[in-house]
Amino acid sequence: MTDLLAARTQMAISLGFHIVFAEIGIAMPLMMVLAEWRWRRTGERAYLDLARRWSKGTAVLFAVGAVSGTVLSFELGLLWPGFMRYAGAIIGMPFSLEGFAFFLEAIFLGIYLYGWERVGARAHLAAGVVVAVSGAASAVFVVMVNAWMNTPTGFTLDASGGFATIDPVTAMRSPAAFQQALHMLLAAYAATGMAVAGVHAFMLLRGAARDFHRRALTIALLVGAPAAVLQPLSGDVSARVVATTQPVKLAALEGQWATERGAPLRIGGWPDAAREETRWALEIPYGLSLLAFHDPSAEVKGLRTVVPADRPPVAVVHLAFQTMVGLGSTMALVALWAAWCAWRRRDLAEHHALLRALVIVAPFGFLATEAGWIVTEVGRQPWVVQGLMRTSAAVTPMPGLIAPMALFTLLYLGLGAIVATLIASLVRESSRTVA
Amino acid sequence: MSLADVGLPEVVAAIMVLALNAYALTGGADFGGGVWDLLARGPGREAQRALIAEQIAPIWEANHVWLILVVVMLFTAFPAAFAALGIVLHIPLTLMLLGIVARGSSFVFRSYGARDDASQRRWGRVFAVASVVTPLLLGMIVGAIVSGEAGAAAARLPTSTGAAAPSYASVYVAPWLAPFPFALGVLSLAMFAFLAAVYLGVREPALRDAFRRRALWSSGAMFVAAFGALGVAGMTTPHVMGGLTRGAALVLQMAIAVAALTAIWALYERHWRFARIAAAAQVSLILWGWVLVQAPFVLPPTLTIRDAAAPRITLELLVGALAAGALILLPALAYMFRTFAAERRVR
């Protein structure tokens, strides 16, 4: 394994680990606030139980998210000092704002978790609202940085390729910023909401504490289902921005080798880099041109427009993209089904087929998120900043990067297992102790 | 450096040190709490551990964000320094991160995980050991920077292919695995333990005797570590020693001595709130002493604050964001501390 690949692997594992906790940190506070608000409105004890149970799990997950996020902020320099020296001044702005948003999140999460008896009822609910809002704001700021790496703007170049002038405010509003932030936020609500719904659906199928789990299921679906239904639409917006700003990435995620008008949409298939063709795919005529440009005869640029050295690993990107779309579409269908049942005034907690489907799709949101990050990050390779800086120019000169990579991989595998066990025991405990 | 040289880069650097100062007084003390968890002794052992956990549980994550803010300010305002530090201090920074991850995770695992003694002891042990190792590494990283060894190693990195590569150890190990950084590591550990003992004593009247003893002992440890560091500096890094005996630094050292003696006197006389102020002043002054020795360099011996600074527009926006952010952040922090830092009533 080369040092560059080790560094990329370590960054991928660190981000892949953190992103799950970050998503939970965005969506769980919203669900806790909704439960607490219902309790204040209805006086039903089950809602208070719910808010307090959820906040226990959130406390654990937020802490792991906070420390793994710290690791990432340092890894920018530990692994990619070339990138940070080059771009730190232009992308530091959203990171600084994220620092403040995260500060508010941490302060008010502490007040929310430990302040039940110390602050007034309204102040407590307000603290939860601040956590939910600043968590979402943190995500938007961080994603702005990634969007800039995909569609860099806000600078002029000098003769040697360095930045002559920079405009960090324009850099924050790069072409990909809006759609990436939207896609990420919806992903957080959809993945967390549907996962929590799946957990409570599982407990309902086992016949445990029905009143408690029914209310939990309702709130989780209120957060998760609309986001899951909207996410494919946001994906469409994303794909169209990628089509115009990163044509090679679009070609990689669709396995499109030749430039053609009326390009087909490929479902499945295996992109063969040696033969420069995608085999065994189900092709829907004009599908890609229609989806990417809303015009069946639009020209779609192929991978062959750039030399092989400038192409991402097509098979990985195509496979990850198909996985993301497949998982996300399934979630959207299950979410629509749940909405349909709710509209028909059926008791969701008694609908065993729906509950089983919710259990099955519970992990899909997080898996789709991982696949989506592979699409956006691997799809940009070999560039760390699209068209401007290669990933190989950004990596640290330190040799032996396989060692820290292995270390963090083991650490996160262990932490992941411990957290999963702990959350499972909190869920079991909730069923034993609530009525 | 005179006052006339103070421009925007220096202002940003000063704000960064203020954030680091806040981290030392809050996040640092949270690590110090872990030190006292490790060293909890006697019949009141479990009561001490419970107090420490109760003290830091609601606030440690917020306190920790100061460190993230420092890192973000460093790479936004001084990207060249951040890049150089990330390269040459890769190993101690990685070890420190492992400590941060282990401390935070084990703390919540102990709080929310299985209640049986074996699990509690296991996570408590990880929490305590990580709380000792992390400040030690943080101090060693500062030592590697202030001694100029990290900067010198960064300057030795080959800039183009073909240049003779310096040995791995000379670039990636020697700058931080040396007596002076180690002495600063011990000093940081003693400072954080000292702060924690004073804060914990303020909070819980029932355990004051225990934490008063611990505060006085750690104040002594700070003296030993500080003079040890000075001694090592005299032998290995004469320019640090020279910086410490310059005019302004001498005044600052006298102020440190006054704060230290005041803290000891207040602890001795059991003026707890006074002791807390004096202890915080002492630790802050030590930190600013480091800054005074190192200015005008962000990464001595060659990279100055001005050379490493980002373009003016970035610095202006950053200062604007920090000012606006502080307007929201400081009241929020005050609210948090008022909510949780109330003195426990004698039961």
# chains A, B, ... in the order shown; residues from 1 in each chain; ligands from 1
$ closest_atom_pairs --of "region 201-307 of chain B" --to "region 52-58 of chain B" --cutoff "12 Å" --atoms "only C-alpha atoms" --output "Markdown table"
| residue | atom | partner | partner_atom | distance |
| --- | --- | --- | --- | --- |
| B:Gly201 | CA | B:Ile52 | CA | 10.5 |
| B:Val202 | CA | B:Gln55 | CA | 11.1 |
| B:Arg203 | CA | B:Gln55 | CA | 8.3 |
| B:Glu204 | CA | B:Gln55 | CA | 9.8 |
| B:Leu207 | CA | B:Ile52 | CA | 11.0 |
| B:Phe211 | CA | B:Ile52 | CA | 11.1 |
$ interface_residues --of "chain B" --to "chain A" --cutoff "8 Å" --atoms "only C-alpha atoms" --output "ChimeraX atom specification"
/B:57-59,61-62,65,68-69,71-73,75-80,82-88,90,93-94,97,100-101,104-105,108-109,112-114,172,310-311,313-314,317-318,321,325,329,332-333,336,339-340
$ write_last_selection --atoms "N, CA and C atoms" --output "short mmCIF file (atom, residue, chain, number, x, y, z; two decimals), in the first residue's frame"
data_model
loop_
_atom_site.label_atom_id
_atom_site.label_comp_id
_atom_site.auth_asym_id
_atom_site.auth_seq_id
_atom_site.Cartn_x
_atom_site.Cartn_y
_atom_site.Cartn_z
N ALA B 57 -19.16 16.29 33.50
CA ALA B 57 -20.11 15.71 32.54
C ALA B 57 -20.85 16.74 31.68
N PRO B 58 -21.46 17.79 32.27
CA PRO B 58 -22.26 18.68 31.42
C PRO B 58 -21.43 19.64 30.57
N ILE B 59 -20.15 19.82 30.91
CA ILE B 59 -19.43 20.93 30.26
C ILE B 59 -18.20 20.51 29.44
N GLU B 61 -17.63 18.76 26.81
CA GLU B 61 -17.66 18.84 25.34
C GLU B 61 -17.57 20.29 24.88
N ALA B 62 -18.29 21.17 25.57
CA ALA B 62 -18.19 22.59 25.22
C ALA B 62 -16.77 23.09 25.45
N VAL B 65 -14.34 22.33 22.73
CA VAL B 65 -14.44 23.02 21.44
C VAL B 65 -13.41 24.14 21.31
N ILE B 68 -10.69 22.91 19.20
CA ILE B 68 -11.05 22.87 17.78
C ILE B 68 -10.98 24.28 17.20
N LEU B 69 -11.44 25.25 17.97
CA LEU B 69 -11.41 26.63 17.50
C LEU B 69 -9.96 27.09 17.26
N VAL B 71 -7.41 25.18 16.48
CA VAL B 71 -6.92 24.50 15.28
C VAL B 71 -7.47 25.18 14.02
N VAL B 72 -8.76 25.49 14.04
CA VAL B 72 -9.38 26.11 12.87
C VAL B 72 -8.77 27.49 12.62
N MET B 73 -8.55 28.26 13.69
CA MET B 73 -7.93 29.57 13.52
C MET B 73 -6.52 29.44 12.98
N PHE B 75 -5.28 27.03 11.04
CA PHE B 75 -5.16 26.72 9.62
C PHE B 75 -5.80 27.77 8.72
N THR B 76 -6.71 28.55 9.27
CA THR B 76 -7.29 29.63 8.46
C THR B 76 -6.32 30.81 8.36
N ALA B 77 -5.75 31.21 9.50
CA ALA B 77 -4.95 32.43 9.52
C ALA B 77 -3.47 32.17 9.24
N PHE B 78 -2.98 30.97 9.61
CA PHE B 78 -1.56 30.66 9.44
C PHE B 78 -1.39 29.29 8.79
N PRO B 79 -1.91 29.14 7.56
CA PRO B 79 -1.93 27.80 6.95
C PRO B 79 -0.54 27.17 6.83
N ALA B 80 0.49 28.00 6.59
CA ALA B 80 1.83 27.43 6.42
C ALA B 80 2.32 26.80 7.73
N PHE B 82 0.35 25.59 10.14
CA PHE B 82 -0.45 24.40 10.39
C PHE B 82 0.09 23.23 9.57
N ALA B 83 0.42 23.50 8.28
CA ALA B 83 0.92 22.43 7.42
C ALA B 83 2.25 21.88 7.96
N ALA B 84 3.14 22.78 8.36
CA ALA B 84 4.46 22.34 8.85
C ALA B 84 4.30 21.52 10.14
N LEU B 85 3.44 21.97 11.04
CA LEU B 85 3.23 21.23 12.30
C LEU B 85 2.61 19.87 12.04
N GLY B 86 1.67 19.83 11.10
CA GLY B 86 1.03 18.56 10.77
C GLY B 86 2.02 17.54 10.26
N ILE B 87 3.06 18.03 9.57
CA ILE B 87 4.06 17.10 9.03
C ILE B 87 5.01 16.64 10.14
N VAL B 88 5.71 17.57 10.78
CA VAL B 88 6.80 17.14 11.68
C VAL B 88 6.28 16.63 13.03
N HIS B 90 3.54 14.87 13.43
CA HIS B 90 2.49 13.89 13.12
C HIS B 90 2.33 12.87 14.25
N LEU B 93 0.95 14.37 17.65
CA LEU B 93 -0.43 14.83 17.44
C LEU B 93 -1.38 13.64 17.32
N THR B 94 -0.93 12.61 16.60
CA THR B 94 -1.76 11.41 16.49
C THR B 94 -1.97 10.76 17.85
N LEU B 97 -4.41 12.72 19.77
CA LEU B 97 -5.78 12.47 19.30
C LEU B 97 -6.32 11.17 19.86
N ILE B 100 -7.43 11.93 23.22
CA ILE B 100 -8.69 12.69 23.23
C ILE B 100 -9.88 11.77 22.97
N VAL B 101 -9.71 10.88 21.98
CA VAL B 101 -10.80 9.94 21.66
C VAL B 101 -11.05 9.00 22.83
N GLY B 104 -12.71 10.94 25.94
CA GLY B 104 -14.12 11.30 25.75
C GLY B 104 -15.03 10.08 25.68
N SER B 105 -14.61 9.07 24.89
CA SER B 105 -15.48 7.90 24.74
C SER B 105 -15.60 7.14 26.05
N VAL B 108 -18.09 8.72 28.51
CA VAL B 108 -19.52 8.47 28.30
C VAL B 108 -19.86 6.99 28.46
N PHE B 109 -18.91 6.11 28.11
CA PHE B 109 -19.19 4.68 28.30
C PHE B 109 -19.37 4.39 29.79
N TYR B 112 -22.88 5.99 30.86
CA TYR B 112 -24.13 5.47 30.31
C TYR B 112 -24.11 3.98 30.08
N GLY B 113 -22.96 3.33 30.28
CA GLY B 113 -22.85 1.90 30.00
C GLY B 113 -23.27 1.07 31.18
N ALA B 114 -22.86 -0.20 31.14
CA ALA B 114 -23.23 -1.15 32.18
C ALA B 114 -22.79 -0.64 33.55
N TYR B 172 10.90 13.48 12.41
CA TYR B 172 9.60 13.11 12.96
C TYR B 172 9.62 12.72 14.44
N ALA B 310 -2.20 34.35 6.47
CA ALA B 310 -3.04 34.27 5.28
C ALA B 310 -3.23 35.68 4.72
N PRO B 311 -3.73 35.81 3.47
CA PRO B 311 -4.00 37.14 2.92
C PRO B 311 -4.91 37.97 3.83
N ILE B 313 -7.56 39.68 3.46
CA ILE B 313 -9.02 39.51 3.40
C ILE B 313 -9.48 38.37 4.32
N THR B 314 -8.69 37.30 4.34
CA THR B 314 -9.03 36.16 5.20
C THR B 314 -8.98 36.58 6.67
N LEU B 317 -11.94 38.86 7.55
CA LEU B 317 -13.19 38.09 7.69
C LEU B 317 -13.17 37.26 8.97
N LEU B 318 -12.00 36.69 9.26
CA LEU B 318 -11.89 35.85 10.46
C LEU B 318 -12.12 36.67 11.72
N ALA B 321 -15.76 37.40 11.95
CA ALA B 321 -16.53 36.22 12.36
C ALA B 321 -16.32 35.94 13.84
N GLY B 325 -19.16 35.99 16.45
CA GLY B 325 -19.36 34.73 17.16
C GLY B 325 -19.26 34.91 18.67
N LEU B 329 -21.42 33.59 21.64
CA LEU B 329 -20.77 32.52 22.40
C LEU B 329 -20.59 32.87 23.88
N ALA B 332 -23.62 32.62 26.01
CA ALA B 332 -24.01 31.21 26.09
C ALA B 332 -23.12 30.47 27.09
N LEU B 333 -21.81 30.74 27.03
CA LEU B 333 -20.88 30.10 27.97
C LEU B 333 -21.18 30.52 29.40
N MET B 336 -24.10 28.66 30.60
CA MET B 336 -23.75 27.27 30.91
C MET B 336 -23.06 27.17 32.27
N THR B 339 -25.40 27.76 35.07
CA THR B 339 -26.31 26.64 35.28
C THR B 339 -25.65 25.51 36.06
N PHE B 340 -24.38 25.25 35.77
CA PHE B 340 -23.77 24.04 36.32
C PHE B 340 -22.73 24.26 37.40
#
$ residues_around --residues "Ala14 (chain B)" --least-positions-apart "3" --cutoff "12 Å" --atoms "only C-alpha atoms" --output "CSV table (one decimal) with N, CA, C and O atoms, in the first residue's frame"
chain,number,residue,atom,x,y,z
B,6,VAL,N,2.6,45.7,15.8
B,6,VAL,CA,1.4,44.9,15.9
B,6,VAL,C,0.4,45.3,14.8
B,6,VAL,O,-0.1,46.4,14.7
B,7,GLY,N,0.1,44.3,13.9
B,7,GLY,CA,-0.8,44.5,12.9
B,7,GLY,C,-1.9,43.4,13.0
B,7,GLY,O,-2.0,42.7,14.0
B,8,LEU,N,-2.6,43.3,11.9
B,8,LEU,CA,-3.7,42.3,11.9
B,8,LEU,C,-3.3,40.9,12.2
B,8,LEU,O,-3.9,40.2,13.0
B,9,PRO,N,-2.1,40.4,11.6
B,9,PRO,CA,-1.7,39.0,11.9
B,9,PRO,C,-1.5,38.8,13.4
B,9,PRO,O,-1.8,37.8,13.9
B,10,GLU,N,-0.8,39.8,14.0
B,10,GLU,CA,-0.5,39.7,15.4
B,10,GLU,C,-1.8,39.7,16.2
B,10,GLU,O,-1.9,39.0,17.3
B,11,VAL,N,-2.8,40.5,15.8
B,11,VAL,CA,-4.1,40.5,16.5
B,11,VAL,C,-4.8,39.1,16.5
B,11,VAL,O,-5.2,38.6,17.5
B,17,VAL,N,-4.3,32.8,21.0
B,17,VAL,CA,-3.7,32.5,22.3
B,17,VAL,C,-4.8,32.6,23.4
B,17,VAL,O,-4.9,31.8,24.3
B,18,LEU,N,-5.7,33.6,23.2
B,18,LEU,CA,-6.8,33.8,24.2
B,18,LEU,C,-7.7,32.5,24.2
B,18,LEU,O,-8.1,32.0,25.2
B,19,ALA,N,-7.9,32.0,23.0
B,19,ALA,CA,-8.7,30.8,22.9
B,19,ALA,C,-8.0,29.6,23.5
B,19,ALA,O,-8.6,28.8,24.2
B,20,LEU,N,-6.7,29.6,23.3
B,20,LEU,CA,-5.9,28.5,23.9
B,20,LEU,C,-5.9,28.6,25.4
B,20,LEU,O,-6.0,27.7,26.2
B,21,ASN,N,-5.9,29.9,25.9
B,21,ASN,CA,-5.9,30.2,27.3
B,21,ASN,C,-7.3,29.7,27.9
B,21,ASN,O,-7.3,29.0,28.9
B,70,VAL,N,-9.1,26.7,18.2
B,70,VAL,CA,-7.6,27.1,18.0
B,70,VAL,C,-7.1,26.4,16.7
B,70,VAL,O,-6.4,27.1,15.9
B,73,MET,N,-8.5,28.3,13.7
B,73,MET,CA,-7.9,29.6,13.5
B,73,MET,C,-6.5,29.4,13.0
B,73,MET,O,-6.1,30.2,12.1
B,74,LEU,N,-5.8,28.4,13.5
B,74,LEU,CA,-4.4,28.2,13.0
B,74,LEU,C,-4.4,27.9,11.5
B,74,LEU,O,-3.6,28.5,10.8
B,77,ALA,N,-5.7,31.2,9.5
B,77,ALA,CA,-4.9,32.4,9.5
B,77,ALA,C,-3.5,32.2,9.2
B,77,ALA,O,-2.8,33.0,8.7
B,287,LEU,N,1.1,30.6,30.4
B,287,LEU,CA,0.8,30.5,28.9
B,287,LEU,C,1.3,31.7,28.2
B,287,LEU,O,2.0,31.6,27.1
B,288,TRP,N,1.0,32.9,28.7
B,288,TRP,CA,1.5,34.1,28.0
B,288,TRP,C,3.0,34.3,28.1
B,288,TRP,O,3.6,34.9,27.2
B,291,VAL,N,4.2,32.7,25.1
B,291,VAL,CA,3.9,33.5,23.9
B,291,VAL,C,5.0,34.6,23.8
B,291,VAL,O,5.6,34.9,22.7
B,292,LEU,N,5.3,35.2,24.9
B,292,LEU,CA,6.3,36.2,25.0
B,292,LEU,C,7.7,35.7,24.5
B,292,LEU,O,8.4,36.4,23.8
B,295,ALA,N,7.3,35.0,20.5
B,295,ALA,CA,7.0,36.1,19.6
B,295,ALA,C,8.3,36.6,19.0
B,295,ALA,O,9.3,36.7,19.7
B,296,PRO,N,8.3,37.1,17.7
B,296,PRO,CA,7.2,37.2,16.8
B,296,PRO,C,7.1,35.9,15.9
B,296,PRO,O,6.5,36.0,14.8
B,298,VAL,N,5.6,32.3,14.8
B,298,VAL,CA,4.5,31.3,15.0
B,298,VAL,C,5.1,29.9,15.1
B,298,VAL,O,4.6,29.0,15.8
B,305,ILE,N,5.0,35.2,12.5
B,305,ILE,CA,3.5,35.4,12.5
B,305,ILE,C,3.2,36.0,11.1
B,305,ILE,O,2.2,35.6,10.4
B,319,VAL,N,-11.5,37.8,11.8
B,319,VAL,CA,-11.7,38.7,13.0
B,319,VAL,C,-13.2,39.1,13.1
B,319,VAL,O,-13.8,39.1,14.2
$ atom_distance --atom1 "CA of Gly198 (chain A)" --atom2 "CA of Val359 (chain A)"
4.3 Å
$ select_by_dssp --residues "region 54-276 of chain A" --states "strand (DSSP E)" --output "list in words"
Phe155, Thr156, Leu157, Phe163, Ala164, Thr165, Ile166, Glu260, Arg261, Leu265, Arg266, Ile267, Trp270, Pro271 and Asp272 of chain A
$ closest_residue --among "A:Val142, A:Met32, A:Ala332, A:Ala349" --to "Ala208 (chain A)" --atoms "only C-alpha atoms"
A:Ala349
$ select_by_dssp --residues "region 40-277 of chain A" --states "alpha helix (DSSP H)" --output "PyMOL selection string"
chain A and resi 40-42+45-79+81-114+121-150+168-172+177-205+210-245+247-254
$ closest_residue --among "A:Glu277, A:Glu350, A:Asp158, A:Glu370" --to "Ile13 (chain A)" --atoms "only C-alpha atoms"
A:Glu370
